[in-house]
Every structure is written in C-alpha cells, then in structure tokens.
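Notes to accompany the following structure.
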Protein chains: 2
Amino acid sequence: MTTAQNDRVDRYKARCLTQERNLFGRLQAAALASRTQAKRLLKSKGDLSITEWRVLWDLAEAGPLTVTEMASIQRTDHALISRTIPAMIEKGYVATKTGTTDRRTSLVALTAAGRSVFEGTSVIMSQRRAALSTAFSEADLDVFLGLIDRFEQFVEDPKSLSPATEGTA
Amino acid sequence: MTTAQNDRVDRYKARCLTQERNLFGRLQAAALASRTQAKRLLKSKGDLSITEWRVLWDLAEAGPLTVTEMASIQRTDHALISRTIPAMIEKGYVATKTGTTDRRTSLVALTAAGRSVFEGTSVIMSQRRAALSTAFSEADLDVFLGLIDRFEQFVEDPKSLSPATEGTA
DNA sequence: TTATTTTACGTGACAAGTCACATAATCTTT
DNA sequence: AAAGATTATGTGACTTGTCACGTAAAATAA
C-alpha cells in the first residue's frame, strides 16, 4: 500500500471517528436498527407490516379509533395509516364505519380475526418490551426520554436556526 | 357526548399517555423529526436530497471514498448510495473511477462543481450542528450517546430474545 | 494451481415516511 | 343564514431505507 492510499484510509478512519459523535446520525441509525428488529420479530410470527402491527395494537388497546387518533398515538402521518387500512379490511382484520358525531371521521375497529392475529403476534412484541425493560431501568428510561424530549424541541423549534442566530454567527 | 363516547375518548387519551414512554416509538419519531429538519434546511439552500448531502459531505471531508466506506460512515445501506451516485454524476457533482488495488470498488470523488455545491450548503448544516451544541453540553452528549450505544446493543443482540428467554417466560 | 467462499457494488421490489392536494364535513366569523 | 376558515381522510408522487439477487473480483481453502 502506497503513501497516498495510507492517507486515504487514514482520512476514512478519522471520518468514521468524528461521525461516532454525530447525534443526528447516531439517532437515525439507532431508530432504523430498532425498526429492523421489529420487522424481523413480526416476520417470525407472520406477515404483518410494522404499520399493520401498530394499527392492530392500538385498536386492541383502545379501539375503535379514528385514523387521526392512531396517527397521533403512533406519532406518524395519517397518510401511512390511511393507505394501510384498505388492505387490512380486505384481510378481514379491521372494519370501518363513518363516525356518527363527525361524518368526516372513519372509525376503525378490530374484527375477531384481527383480534386473533393481534394475540398471535403480541407475545413476541411484549417480550421485546420486557427485554428492553431489563436492559434499561426506569431511571435510565427517564433520562433517555428527557434527552429525546430536548432533542425534539431542538429540531422543531425554529428559533434555534433563526435569522437572529445567523446574524450573530 | 354520550358515555360510550367518553369511554372511547378516555381510552384514546390513556393510550397516548402510555405511548409517551414507549422508547421504540419515541426514538423513531425523534429520528424522523430530525430527518425532516435536515430536509427542510437542505431545501432552503437548494435541491440536494439527504443522501446527496451526505455523499458530498463525506467526500469533502475524507474523499475519495468507496460506496462501502460512505455507507459505513453514514451507517446506511450501500444500496441507497449506489442508487444516488449516477444522478450526482449526471449533475456533475461527483466522478467515479474503478479502484486500482481492488477493481470491484468504485472510488467516488468530488468535482469542482460538487465542491461548490457542498460549500453553498454546508453553512446552514454547520449552523445546525452548532445550534445542537448549544442545546446539549458535551456531558449531555456523552450520556445520550452512551444510552444510544446501549440501545443499539439491545436491538442487535439476539440473546435478549433467545429461545432460552422464551423458555423462562 | 484449482476450487470454493467471501466481498463490492449495482439493481429491483417493496415498506415506511413526507408533502401536496382534493373533497367533504365541521367550525367560526360576518 | 351565508361566507370563510379549518379539519378528517384518502390519494398520488417522491424519498429513504431494507433485503434479495446477480455479477465480477478478491480472498481463502484444498
């Protein structure tokens, strides 16, 4: 290996080191790894997608629910849920009816088949949550969630990157 | 509002409360909010996608780099980068050549135009990182990264959800 | 030296996610 | 009561990401 190649590899390694402290990148990667784990666990028990699993879980815990309510609970966009519901209806897992007090809403409820699929899948997902609870104490979790709260405030607060800030930079 | 409706709303609210302490969901939402912020900032300075920005940034800091090296630095899959490179070549931002020591590799380097686009965009992205540094001290960051390390170990460690665990449950 | 295994990267299919938009329904203002 | 503004949901287009696969090249084993 030549000196130029050594330089190139050194730069690569240095770059990797600096990115280990890049909170944006690290959070992204951790969240995606988490998602991959969930997909793998769901796959081991059937063919539910993550969105389908979330819908079933929310409905099992608190249904019937509107699309917007589920989106809010899951901190996701209503579009994703809206797009998932028809196939779940087709599979017989959920049924919808127009809201009586607000005819814009679509009230989604579990069917018996949906309840059954939920129960067949919930064991592994409960185990996942229980395993996480052994890895992180309640105090750890408080710290973690507090840091996440602060991070979310940062990314959603326009003031942190306002013209005034630019003026002083 | 009837009693049944009250019950339904109460269940929804209770469900929201429990999900506030769901670390999986919270981490996911925070990472996605961060990504959205990045996209918004990039959009304010041009039309770079997140993947394009990441490629430019890595190359500016440590280029030339292979697809696998960039994927490793960014903690992403090589497929995403491979798919992005041709358009960036078309735009004149990067150029590639086959590696001399390993002809399987594709060495990607910034062009002068790419350097220029990088520099036009890097100010706002640097400001973003600086703003994050004012929101989180080095000590905060150490704690946060440590918790993320532990979370990543959890989601990647098969032992936490092994048959032995299932046997004892 | 040959055979086998592993690796780099390009490609395709699909899921998860964002944003814009449209339509209908509801709410607020005039 | 009518007009204007806001909201719920469905849809489409696009990005970001995963996984599987194929091919060529490199590494390892026989």
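Residue numbering restarts at 1 for every chain of the structure tokens, chains are lettered A, B, ... in their displayed order, and ligands are numbered from 1 as they appear.
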Within 12 Å of chain D, which residues of chain A come that close, and what is the closest atom pair and distance in Å for each? Count only C-alpha atoms (C1' of nucleotides) and give it as JSON lines.
{"residue": "A:Gln28", "atom": "CA", "partner": "D:DG17", "partner_atom": "C1'", "distance": 11.1}
{"residue": "A:Ala29", "atom": "CA", "partner": "D:DG17", "partner_atom": "C1'", "distance": 10.7}
{"residue": "A:Ala31", "atom": "CA", "partner": "D:DG17", "partner_atom": "C1'", "distance": 11.6}
{"residue": "A:Leu32", "atom": "CA", "partner": "D:DG17", "partner_atom": "C1'", "distance": 8.3}
{"residue": "A:Ala33", "atom": "CA", "partner": "D:DT18", "partner_atom": "C1'", "distance": 10.6}
{"residue": "A:Arg35", "atom": "CA", "partner": "D:DT18", "partner_atom": "C1'", "distance": 10.2}
{"residue": "A:Thr36", "atom": "CA", "partner": "D:DT18", "partner_atom": "C1'", "distance": 8.1}
{"residue": "A:Gln37", "atom": "CA", "partner": "D:DT18", "partner_atom": "C1'", "distance": 11.6}
{"residue": "A:Lys39", "atom": "CA", "partner": "D:DT18", "partner_atom": "C1'", "distance": 10.0}
{"residue": "A:Arg40", "atom": "CA", "partner": "D:DT18", "partner_atom": "C1'", "distance": 11.1}
{"residue": "A:Thr66", "atom": "CA", "partner": "D:DA8", "partner_atom": "C1'", "distance": 9.0}
{"residue": "A:Val67", "atom": "CA", "partner": "D:DT9", "partner_atom": "C1'", "distance": 7.6}
{"residue": "A:Thr68", "atom": "CA", "partner": "D:DA8", "partner_atom": "C1'", "distance": 7.3}
{"residue": "A:Glu69", "atom": "CA", "partner": "D:DA8", "partner_atom": "C1'", "distance": 10.5}
{"residue": "A:Ala71", "atom": "CA", "partner": "D:DT9", "partner_atom": "C1'", "distance": 11.7}
{"residue": "A:Asp77", "atom": "CA", "partner": "D:DT9", "partner_atom": "C1'", "distance": 11.5}
{"residue": "A:His78", "atom": "CA", "partner": "D:DT9", "partner_atom": "C1'", "distance": 8.0}
{"residue": "A:Ala79", "atom": "CA", "partner": "D:DG10", "partner_atom": "C1'", "distance": 7.8}
{"residue": "A:Leu80", "atom": "CA", "partner": "D:DG10", "partner_atom": "C1'", "distance": 10.5}
{"residue": "A:Ile81", "atom": "CA", "partner": "D:DT9", "partner_atom": "C1'", "distance": 10.0}
{"residue": "A:Ser82", "atom": "CA", "partner": "D:DG10", "partner_atom": "C1'", "distance": 6.6}
{"residue": "A:Arg83", "atom": "CA", "partner": "D:DG10", "partner_atom": "C1'", "distance": 7.8}
{"residue": "A:Thr84", "atom": "CA", "partner": "D:DG10", "partner_atom": "C1'", "distance": 11.0}
{"residue": "A:Ile85", "atom": "CA", "partner": "D:DG10", "partner_atom": "C1'", "distance": 10.6}
{"residue": "A:Pro86", "atom": "CA", "partner": "D:DG10", "partner_atom": "C1'", "distance": 10.6}
{"residue": "A:Thr98", "atom": "CA", "partner": "D:DT9", "partner_atom": "C1'", "distance": 11.0}
{"residue": "A:Gly99", "atom": "CA", "partner": "D:DA8", "partner_atom": "C1'", "distance": 10.6}
{"residue": "A:Asp102", "atom": "CA", "partner": "D:DA8", "partner_atom": "C1'", "distance": 9.0}
{"residue": "A:Arg103", "atom": "CA", "partner": "D:DA8", "partner_atom": "C1'", "distance": 8.9}
{"residue": "A:Arg104", "atom": "CA", "partner": "D:DA8", "partner_atom": "C1'", "distance": 5.3}
{"residue": "A:Thr105", "atom": "CA", "partner": "D:DA8", "partner_atom": "C1'", "distance": 5.6}
{"residue": "A:Ser106", "atom": "CA", "partner": "D:DT9", "partner_atom": "C1'", "distance": 7.6}
{"residue": "A:Leu107", "atom": "CA", "partner": "D:DT9", "partner_atom": "C1'", "distance": 11.0}
At a cut-off of 6 Å, can you tabulate as a tab-separated table every residue of chain B near chain A together with its closest atom pair and the distance in Å to one decimal, using only C-alpha atoms and ordering rows by chain then number?
residue	atom	partner	partner_atom	distance
B:Arg11	CA	A:Ala62	CA	5.1
B:Tyr12	CA	A:Ala62	CA	5.8
B:Cys16	CA	A:Ile73	CA	5.1
B:Leu27	CA	A:Ala31	CA	5.8
B:Gln28	CA	A:Ala31	CA	5.0
B:Ala30	CA	A:Glu152	CA	5.8
B:Ala31	CA	A:Gln28	CA	5.0
B:Ser34	CA	A:Val155	CA	5.8
B:Ala62	CA	A:Arg11	CA	5.1
B:Ile73	CA	A:Cys16	CA	5.1
B:Glu152	CA	A:Ala30	CA	5.8
B:Val155	CA	A:Ser34	CA	5.8
Residues of chain C at most 8 Å from chain B: nearest atom pair and distance in Å, only C-alpha atoms (C1' of nucleotides), as a Markdown table:
| residue | atom | partner | partner_atom | distance |
| --- | --- | --- | --- | --- |
| C:DA8 | C1' | B:Arg104 | CA | 5.3 |
| C:DC9 | C1' | B:Ser82 | CA | 7.1 |
| C:DG10 | C1' | B:Ser82 | CA | 6.6 |
Selection export as a compact mmCIF listing (two decimals), in the first residue's frame, atoms kept: N, CA and C atoms (P, O5', C5', C4', C3', O3' and C1' of nucleotides):
# COMPACT_ATOMS: atom_id res chain seq x y z
P DA C 8 -16.16 -5.56 0.99
O5' DA C 8 -16.49 -4.99 -0.45
C5' DA C 8 -15.44 -4.71 -1.35
C4' DA C 8 -16.02 -4.07 -2.62
C3' DA C 8 -17.01 -2.95 -2.34
O3' DA C 8 -16.73 -1.89 -3.23
C1' DA C 8 -18.07 -4.69 -3.58
P DC C 9 -17.56 -0.52 -3.17
O5' DC C 9 -18.71 -0.83 -4.23
C5' DC C 9 -18.33 -1.13 -5.57
C4' DC C 9 -19.55 -1.51 -6.35
C3' DC C 9 -20.73 -0.54 -6.19
O3' DC C 9 -21.27 -0.32 -7.47
C1' DC C 9 -21.45 -2.73 -5.88
P DG C 10 -21.74 1.14 -7.95
O5' DG C 10 -22.87 0.73 -8.98
C5' DG C 10 -22.57 -0.22 -9.99
C4' DG C 10 -23.78 -1.10 -10.27
C3' DG C 10 -25.11 -0.34 -10.35
O3' DG C 10 -25.71 -0.67 -11.58
C1' DG C 10 -25.30 -2.23 -8.94
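Of note, CA of Asp47 in chain B and CA of Gly114 in chain B are spaced 13.0 Å apart.
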(request) May I ask which of the residues A:Val108, A:Leu42, A:Ala113, A:Met125 is the closest one to Gly92 in chain A, counting only C-alpha atoms? (result) A:Ala113
(message) Could you go through range 15-167 of chain A and tell me which residues DSSP, when run on the backbone, assigns to alpha helix (DSSP H), listing them as an MDAnalysis selection string?
(response) chainID A and resid 15:19 23:45 50:62 67:74 78:90 112:135 138:156 163:167
(request) Excluding Thr121 in chain A and residues on its chain fewer than 5 positions from it, collect all residues at most 10 Å away from it, counting only C-alpha atoms (C1' of nucleotides), and give them as a ChimeraX atom specification. (result) /A:41-48,53,56-57,115-116,126
